[in-house]
Amino acid sequence: MAESYSEGRTGDGEYQEQFLNDTTLRRLGAAVAGLFTLGVGGFIAAIIFTQVDFELLVEIIHPQFVNAFLRVLGIVLVGSLLSVTAGVFVGLGRVSNTKFTNTVATAYVEFFRGTPLLFQLLVIYVGIPAFWPPGQFPISNWAIPTAIIGLTLNHAAYVGEAVRGGIDAVPEGQMEAARSLGMSYVQGMREVVLPQAWRNALAAIGNDQVILVKDTSLLTVIAIPELISAFRNVNSTTFDPWTPIILVAIAYLMITIPLGKIVNHLEARADWGGDRR
Amino acid sequence: MSLLEFDEVDKYFGETHVLKDVDLDVEEGEVCVIIGPSGSGKSTLLRCANRLEEIQDGEIRLEGQSISAADADINRLRQRIGMVFQSFNLFPHKTARENVTLAPTKVKGLKKGDAERRADELLDRVGLGAQSNSYPNQLSGGQQQRVAIARALAMDPHVMLFDEVTSALDPELVGEVLDVMHDLAEEGMTMLVVTHEMGFAREVGDRIVLMADGKVVEDSPPEVFFENPKTDRGKQFLSKLL
Ligand SMILES: Nc1ncnc2c1ncn2[C@@H]1O[C@H](COP(=O)(O)OP(=O)(O)OP(=O)(O)O)[C@@H](O)[C@H]1O
Ligand SMILES: [Mg+2]
């Protein structure tokens with residue numbers, strides 16, 4: 001079969017695509033990747049050997065950058081946990097057959113996806129205390145709660161959409177099979193639909209959580225000493241850009257790369273007999 | 001009182017009148033085979049019987065209790081109605097055994113160990129004792145459908161609904177599923193079976209119900225239906241089979 005097929009297509013078998021055949025494409029790809037590695041590697045080497053001040057580096061790592069890193073990490077952990085949890089409920093609201101619930105969930109997503117996170121942070125940071133007479137707002141360090149509330153509300157909208165997509169991708173027959181066995185809607189959702197929706201949504205949720213990590217850079221505007229403000233501190237006093245830049249890059253990657261690994265691990269675990277689809 | 005009663009049932013999808021005044025009584029232990037052209041409402045009738053679809057008029061009763069009433073305890077009633085689907089609808093994230101134990105543990109509150117013992121028994125009975133730890137995508141279509149039957153049986157239903165359960169299977173896998181259904185019928189299970197397998201209908205069915213245009217147009221024992229149908233619609237349907 002296969003033979004006669006290729007014979008039929010290529011006649012005497014002499015026809016070859018002249019320029020971009022499989023081999024040239026493979027070599028071209030390797031060449032581009034090689035050049036890229038050389039360029040970037042050279043650039044980084046140049047920075048390290050000509051720009052980075054190692055004495056300064058040691059001086060600013062501790063406590064300034066370590067503290068900023070731990071603060072960001074803490075906010076990310078809490079924000080991730082809360083936004084993913086809340087996002088599941090937003091997603092359930094989005095697939096609800098109850099018109100009211102559905103409308104509220106949709107409006108929620110429209111608002112939090114439709115306005116900038118920076119704006120939302122400011123609303124919480126300066127808007128909420130305005131309900132109290134000046135100086136009477138009871139929470140002294142309002143910036144950290146603002147960060148967690150803002151990141152959670154914002155990313156719950158994105159996670160919610162990922163979860164909705166994940167639920168929509170589960171065939172309707174799954175819920176029908178669960179219901180026909182006497183399970184309630186809640187049991188069907190929890191035992192049958194959500195585990196599959198979760199797997200479908202994992203990549204999208206993982207993407208969003210990486211963005212959440214990077215969104216902590218916005219917290220510099222509400223005066224949280226995070227990584228960007230640590231950079232600005234150092235830079236404005238020493239006029240050295242590259243030493244703190246390197247630290248900022250390392251710090252973010254120390255969170256985002258393991259996060260990606262966790263998502264991969266969760267995806268591999270939800271393989272259920274291999275050969276996904 | 002029959003085990004399952006359809007009493008002047010009307011079903012609409014929007015404007016489309018899909019079930020028209022359907023009357024049908026299924027007796028305990030009976031195998032009632034429903035046949036009819038595509039779009040005649042066979043699947044809809046079955047889906048109404050466990051309220052996957054709502055009816056607009058009439059009543060459906062299981063052992064005298066209304067399934068269609070607004071206040072029916074549907075989750076409880078469905079435990080007595082097993083359903084097997086054309087597309088299996090196994091839970092892909094659960095092994096064969098877990099597919100079978102899920103509802104008994106979650107709905108009936110069976111202990112895990114008891115549920116597993118029972119699941120292994122049922123999987124054995126459908127010839128899949130060795131596959132209990134396999135995931136659905138590691139099983140053939142015929143094996144998956146047999147797991148689906150075991151899953152439905154695990155709730156100890158009083159009636160089983162089968163909707164074209166062999167239609168999605170490769171021809172060589174049809175037999176193993178029909179064999180399981182045959183055994184089930186012989187053990188006295190009450191069954192409502194939508195199928196295109198006329199050999200099965202003839203051999204296993206106690207009654208052949210022919211549907212057309214949302215109506216029951218003939219209801220005869222198989223020897224009558226296949227030899228000498230009572231109605232013109234019956235004759236017409238048979239002539240198309242040959
Ligand atoms: N969810 C739905 N929404 C609208 N119309 C529907 C829906 N399901 C079925 N119908 C319509 O109802 C009628 C009966 O459909 P049903 O699936 O019950 O037929 P069937 O006898 O099972 O056919 P088949 O042999 O093809 O499975 C058809 O006209 C179909 O188009
Ligand atoms: Mg059908």
# chains A, B, ... in the order shown; residues from 1 in each chain; ligands from 1
>>> interface_residues(of="chain B", to="chain A", cutoff="8 Å", atoms="only C-alpha atoms", output="MDAnalysis selection string")
chainID B and resid 50 52 74:79 81:83 89:94 103 106:107 134:138 152 155
>>> residues_around(residues="range 102-116 of chain A", least_positions_apart="5", cutoff="12 Å", atoms="only C-alpha atoms", output="MDAnalysis selection string")
chainID A and resid 86:97 121:123 150:162 164 215 218
>>> residues_near_ligand(ligand="ligand 1", cutoff="10 Å", atoms="only C-alpha atoms and all ligand atoms", output="number ranges by chain")
B: 11-19, 34-48, 53, 86, 163-164, 167, 194-196, 211-214
>>> atom_distance(atom1="CA of Gly129 in chain B", atom2="CA of Val84 in chain B")
19.6 Å
>>> atom_distance(atom1="CA of Gly64 in chain B", atom2="CA of Glu186 in chain B")
24.7 Å
>>> select_by_dssp(residues="range 87-272 of chain A", states="helix (DSSP H, G or I)", output="MDAnalysis selection string")
chainID A and resid 87:94 99:114 117:127 129:131 143:168 172:180 185:222 227:238 242:269
>>> atom_distance(atom1="CA of Leu82 in chain A", atom2="CA of Gly206 in chain A")
14.2 Å
>>> closest_residue(among="B:Ser87, B:Gln56, B:Asn228, B:Ser2", to="ligand 2", atoms="only C-alpha atoms and all ligand atoms")
B:Ser87
>>> closest_residue(among="A:Asp22, A:Asp208, A:Glu226, A:Glu59", to="Val248 in chain A", atoms="only C-alpha atoms")
A:Glu226
>>> residues_around(residues="Met181 in chain B", least_positions_apart="4", cutoff="10 Å", atoms="only C-alpha atoms", output="list in words")
Val126, Arg146, Ile149, Met160, Phe162, Gly175, Glu176, Val177, Ala185, Glu186, Glu187, Met189, Met191, Val193, Phe200 and Val204 of chain B
>>> residues_around(residues="Leu123 in chain B", least_positions_apart="3", cutoff="10 Å", atoms="only C-alpha atoms", output="list in words")
Ala96, Arg97, Val100, Arg117, Arg118, Ala119, Asp120, Val126, Gly127, Leu128, Gly129, Ala130, Gln131, Ser132, Arg146, Val147, Ala148, Ile149, Ala150, Arg151 and Ala154 of chain B
>>> write_last_selection(atoms="C-alpha atoms", output="PDB file, in the first residue's frame")
ATOM      1  CA  ALA B  96     -12.005  -0.462  34.592  1.00  0.00           C
ATOM      2  CA  ARG B  97     -12.413  -1.399  38.242  1.00  0.00           C
ATOM      3  CA  VAL B 100     -17.339   0.130  38.201  1.00  0.00           C
ATOM      4  CA  ARG B 117     -14.963  -7.306  45.274  1.00  0.00           C
ATOM      5  CA  ARG B 118     -18.281  -6.793  43.561  1.00  0.00           C
ATOM      6  CA  ALA B 119     -16.595  -4.963  40.671  1.00  0.00           C
ATOM      7  CA  ASP B 120     -14.191  -7.841  40.103  1.00  0.00           C
ATOM      8  CA  VAL B 126     -18.407  -9.814  31.295  1.00  0.00           C
ATOM      9  CA  GLY B 127     -15.160 -11.645  30.607  1.00  0.00           C
ATOM     10  CA  LEU B 128     -12.765  -8.907  31.714  1.00  0.00           C
ATOM     11  CA  GLY B 129     -11.436 -10.250  34.983  1.00  0.00           C
ATOM     12  CA  ALA B 130      -7.883  -9.771  33.755  1.00  0.00           C
ATOM     13  CA  GLN B 131      -8.380  -6.171  32.616  1.00  0.00           C
ATOM     14  CA  SER B 132      -9.614  -4.622  35.830  1.00  0.00           C
ATOM     15  CA  ARG B 146     -18.468  -4.583  28.407  1.00  0.00           C
ATOM     16  CA  VAL B 147     -16.931  -2.508  31.204  1.00  0.00           C
ATOM     17  CA  ALA B 148     -19.755  -0.015  30.669  1.00  0.00           C
ATOM     18  CA  ILE B 149     -22.277  -2.819  31.108  1.00  0.00           C
ATOM     19  CA  ALA B 150     -20.534  -3.973  34.305  1.00  0.00           C
ATOM     20  CA  ARG B 151     -20.536  -0.384  35.533  1.00  0.00           C
ATOM     21  CA  ALA B 154     -22.937  -2.484  39.750  1.00  0.00           C
TER      22      ALA B 154
END
